[in-house]
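Participant: I'd like to ask some things about the structure below.
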Amino acid sequence: MIGPRDTEHLVVNIGPQHPSTHGVLRLVAELDGEEIVNVEVSAGYLHRGIEKLGEHRRYHQLGTLMDRGDYLSGIHGELAAALATEQLLEVEVPPKARWLRSLMGEVNRIASHMIWYGTFGLDTGAMGQFLYAMRERETLLDVLESVSGQRMMFNYVRPGGVIADITPDAEQKLRTFLRTIDTYIDEHHALLGGNEIFQKRVRGVGVINREMGLSFGLTGANLRCSGVPYDVRRDKPYAAYGELEFDVPIGSVGDAWDRYLVRMEEMRQAARMIRQCIEGLPEGDVMAKIPKVVRPPAGEVYACVESPRGELGIHLVSDGSDTPYRFHYRAPSLFAVQVLEEILPGTLLADAIMLIGSVDILIGEIDR
Amino acid sequence: MALDRLTGEHSVAFIRSEQLFDWARRNSLWYLGFGIACCAIEGLMSTSGPRFDFDRMGVFFRASPRQADVMIVAGTVNKKMAETVRLLYDQMPEPKWVVAMGACASTGGPFRQYPNVVLGVDKVVPVDVYVPGCPPRPESVQYGFMQLQEKIKRQTEERRAARRDRR
């Protein structure tokens with residue numbers, strides 16, 4: 001007779017090739033039946049030395065690397081690098097550039113959240129929402145392409161400002177987009193969040209409470225879902241966020257459903273900010289006068305922005321030469337992937353796939 | 001083009017089995033859903049999304065290498081990943097093709113100075129089509145697949161010519 005608990009544990013590798021690990025993440029899961037007993041995250045399959053290469057790039061070239069680090073929200077990575085360089089140089093950025101940074105940052109935030117929304121649904125077994133999410137994303141990529149010339153690696157924000165003014169074409173596309181986006185987000189929410197199967201799968205699973213979130217160093221929606229209202233845009237304002245009106249949505253329980261709701265509300269707030277940015281866009285230059293090759297004085301700075309995944313920080317150490325002495329990249333996903341080892345044990349294997357989607361990780365950022 | 005359009009609904013077509021198979025293969029290139037880095041968003045997600053709609057070319061994603069015909073290497077391959085890429089390639093059934101998407105998969109791209117990065121995935125697996133760009137636009141990926149279709153067609157003809165020469 002075999003007793004009910006007398007089973008052998010099975011070790012299963014999830015990834016690095018798995019359609020639901022959002023890249024090349026590998027999880028080594030120890031299973032008892034279908035329940036996860038222990039999880040080990042194995043990263044490094046996309047390690048390509050962004051930090052080390054940054055020490056061999058000039059300050060203007062850091063944005064190129066940052067684009068490829070957090071490839072879903074390139075504007076935010078560039079912005080963090082540019083803010084750090086500007087702090088070292090003590091340059092004043094023209095007001096129009098600051099507003100354009102916020103504007104394009106929020107456009108990029110919706111585009112990034114749309115990828116999260118589409119793939120989160122795929123992880124829970126739905127398909128249709130992915131196609132609708134890509135529709136919104138393509139519209140926003142058109143806007144970003146119109147101002148920067150690229151669909152993903154924008155290199156739009158440079159130290160001293162932004163590279164180009166908003167084009168009439170982009171402005172018109174954004175205005176058309178803003179007329180429909182609120183209705184569309186409601187439709188998205190009804191399509192996925194209104195689905196009873198989806199709700200049963202995400203409610204009460206993968207709870208990140210306040211203490212856990214703070215001790216793991218989580219930021220962004222992963223921390224706000226547990227009720228901590230920390231948002232870099234409001235608490236340490238950069239770009240034009242000090243002059244914009246927006247709410248910081250927070251959750252109460254901290255489960256996957258709260259993270260879903262917080263991100264959906266973030267998209268609505270982003271649309272609200274885009275509206276304010278278009279209406280209040282000041283006149284003037286978009287780039288401060290700074291030399292092509294900058295040699296900042298020796299010193300070290302930390303600049304952070306609120307990327308769609310949380311607090312994205314750049315720690316720059318300058319030794320007075322034209323390349324940084326040390327370039328450190330605080331990636332919010334790195335902290336989110338570590339919390340998986342805490343929240344996955346005790347859940348089912350099918351929930352693990354959903355929970356990887358719910359914390360919105362990006363491998364380019366984790367491995368760098 | 002659908003065969004019945006070409007020949008009429010009730011007609012009989014004579015075709016070499018080799019040509020028929022290659023016609024079927026080049027119009028149902030199922031790729032392995034295996035995104036490594038940034039290119040995966042453009043090459044696998046946007047391309048199969050509603051605007052670019054890869055399905056109309058018969059290109060569709062499969063989650064398992066056992067069911068895939070084409071591997072799109074979408075992103076930087078480093079030394080840790082190279083073993084897995086080779087393993088996945090070996091698991092794919094013949095005939096199989098590889099599309100190296102983007103600068104990283106072709107040559108190492110912006111990261112080629114870093115010693116951990118493999119300088120092009122062709123050091124690990126044989127590559128049929130290189131798609132330039134960082135990342136390539138979805139149109140480029142589709143053009144790459146059209147080139148791959150041409151290549152498959154050409155290979156059939158070359159095999160026939162080689163047989164003819166032997167005779």
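We label chains A, B, ... in the order they appear in the structure tokens, count residues from 1 in each chain, and number ligands from 1 in the order shown.
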Once you count only C-alpha atoms, which residues of chain A turn out to be within 6 Å of chain B? Could you give them as a list in words?
Facilitator: Gln17, Gly23, Val24, Tyr45, Tyr71 and Leu131 of chain A
Participant: Find the residues near Val59 of chain B: any atom within 7 Å, counting only C-alpha atoms, skip ones fewer than 2 places away on the same chain, and give them as a list of chain:residue names.
Facilitator: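 Near Val59 of chain B, the qualifying residues are B:Ser28, B:Leu29, B:Trp30, B:Tyr31, B:Phe54, B:Asp55, B:Met57, B:Phe61.
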Participant: Would you compute the distance between atom CA of Glu266 of chain A and atom CA of Met104 of chain A? Give it in Å to one decimal.
Facilitator: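 If I compute the distance from atom CA of Glu266 of chain A to atom CA of Met104 of chain A, I get 15.1 Å.
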Participant: Compile the contact shell of Leu100 of chain A as a PyMOL selection string: residues with an atom at most 8 Å away, counting only C-alpha atoms, same-chain residues fewer than 3 positions apart removed.
Facilitator: chain A and resi 96-97+103-104+162+165-166+277+281
Participant: Among segment 42-279 of chain A, which ones does DSSP place in strand (DSSP E), written as a list of chain:residue names?
Facilitator: A:Ser42, A:Val157, A:Arg158, A:Gly161, A:Val162
Participant: Would you write out those residues with C-alpha atoms, as an mmCIF file, in the first residue's frame?
Facilitator:
data_model
loop_
_atom_site.group_PDB
_atom_site.id
_atom_site.type_symbol
_atom_site.label_atom_id
_atom_site.label_comp_id
_atom_site.auth_asym_id
_atom_site.auth_seq_id
_atom_site.Cartn_x
_atom_site.Cartn_y
_atom_site.Cartn_z
ATOM 1 C CA SER A 42 18.630 30.110 -13.007
ATOM 2 C CA VAL A 157 16.270 60.732 -25.116
ATOM 3 C CA ARG A 158 19.853 61.965 -25.065
ATOM 4 C CA GLY A 161 17.150 66.826 -23.936
ATOM 5 C CA VAL A 162 15.500 64.806 -26.651
#
Participant: Identify all residues of segment 197-269 of chain A in helix (DSSP H, G or I) (DSSP on the backbone) and supply them as a ChimeraX atom specification.
Facilitator: /A:197-202,210-215,221-224,232-235,241-243,256-269
Participant: Limited to C-alpha atoms, could you put the picked residues into a file as a PDB file, in the first residue's frame?
Facilitator:
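Result saved to again-v8.pdb:
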ATOM      1  CA  ILE A 197     -12.056  31.531 -15.453  1.00  0.00           C
ATOM      2  CA  PHE A 198      -9.346  34.196 -15.457  1.00  0.00           C
ATOM      3  CA  GLN A 199     -10.563  35.609 -12.144  1.00  0.00           C
ATOM      4  CA  LYS A 200     -10.638  32.174 -10.519  1.00  0.00           C
ATOM      5  CA  ARG A 201      -7.070  31.588 -11.663  1.00  0.00           C
ATOM      6  CA  VAL A 202      -5.539  34.856 -10.478  1.00  0.00           C
ATOM      7  CA  ARG A 210       3.902  44.498   2.342  1.00  0.00           C
ATOM      8  CA  GLU A 211       6.848  43.109   4.297  1.00  0.00           C
ATOM      9  CA  MET A 212       7.825  40.710   1.547  1.00  0.00           C
ATOM     10  CA  GLY A 213       7.635  43.403  -1.096  1.00  0.00           C
ATOM     11  CA  LEU A 214       9.762  45.824   0.892  1.00  0.00           C
ATOM     12  CA  SER A 215      12.343  43.259   1.997  1.00  0.00           C
ATOM     13  CA  ALA A 221       3.229  47.529  -9.666  1.00  0.00           C
ATOM     14  CA  ASN A 222       4.667  44.511  -7.831  1.00  0.00           C
ATOM     15  CA  LEU A 223       5.107  46.622  -4.701  1.00  0.00           C
ATOM     16  CA  ARG A 224       2.028  48.814  -5.187  1.00  0.00           C
ATOM     17  CA  VAL A 232       9.280  57.371  -8.380  1.00  0.00           C
ATOM     18  CA  ARG A 233       7.292  59.730 -10.586  1.00  0.00           C
ATOM     19  CA  ARG A 234       5.535  61.184  -7.553  1.00  0.00           C
ATOM     20  CA  ASP A 235       8.107  60.698  -4.774  1.00  0.00           C
ATOM     21  CA  TYR A 241       6.025  64.655 -13.592  1.00  0.00           C
ATOM     22  CA  GLY A 242       6.137  67.332 -10.918  1.00  0.00           C
ATOM     23  CA  GLU A 243       3.696  69.396 -12.996  1.00  0.00           C
ATOM     24  CA  ALA A 256      -1.967  38.400  -9.018  1.00  0.00           C
ATOM     25  CA  TRP A 257      -5.420  39.966  -9.459  1.00  0.00           C
ATOM     26  CA  ASP A 258      -4.288  43.130  -7.663  1.00  0.00           C
ATOM     27  CA  ARG A 259      -1.211  43.346  -9.845  1.00  0.00           C
ATOM     28  CA  TYR A 260      -3.460  43.016 -12.874  1.00  0.00           C
ATOM     29  CA  LEU A 261      -5.765  45.792 -11.642  1.00  0.00           C
ATOM     30  CA  VAL A 262      -2.889  48.109 -10.723  1.00  0.00           C
ATOM     31  CA  ARG A 263      -1.345  47.771 -14.195  1.00  0.00           C
ATOM     32  CA  MET A 264      -4.672  48.322 -15.934  1.00  0.00           C
ATOM     33  CA  GLU A 265      -5.202  51.489 -13.892  1.00  0.00           C
ATOM     34  CA  GLU A 266      -1.648  52.590 -14.669  1.00  0.00           C
ATOM     35  CA  MET A 267      -2.527  52.493 -18.350  1.00  0.00           C
ATOM     36  CA  ARG A 268      -5.529  54.764 -17.737  1.00  0.00           C
ATOM     37  CA  GLN A 269      -3.341  57.154 -15.752  1.00  0.00           C
TER      38      GLN A 269
END
Participant: When you draw a straight line from atom CA of Glu40 of chain A to atom CA of Glu8 of chain A, how long is it in Å?
Facilitator: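 Between these atoms lies a distance of 18.5 Å.
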Participant: As an exercise, work out the distance from atom CA of Phe335 of chain A to atom CA of Leu362 of chain A in Å and give it to one decimal place.
Facilitator: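 Atom CA of Phe335 of chain A sits 11.0 Å away from atom CA of Leu362 of chain A.
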Participant: For Lys123 of chain B, work out the shell of residues within 10 Å, counting only C-alpha atoms and skipping chain neighbours fewer than 4 positions away, then give it as a list in words.
Facilitator: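 The residues satisfying every condition are Ala82, Ala105, Ser106, Thr107, Val118, Leu119 and Val127 of chain B.
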Participant: Kindly save the residues from that selection, with C-alpha atoms included, as a tab-separated table (two decimals), in the first residue's frame.
Facilitator:
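What ended up in again-v1.tsv:
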chain	number	residue	atom	x	y	z
B	82	ALA	CA	24.65	28.33	-27.28
B	105	ALA	CA	22.31	36.54	-34.16
B	106	SER	CA	24.21	37.37	-37.34
B	107	THR	CA	27.47	38.74	-35.96
B	118	VAL	CA	28.91	34.20	-29.49
B	119	LEU	CA	29.86	36.10	-32.66
B	127	VAL	CA	22.08	29.43	-40.86
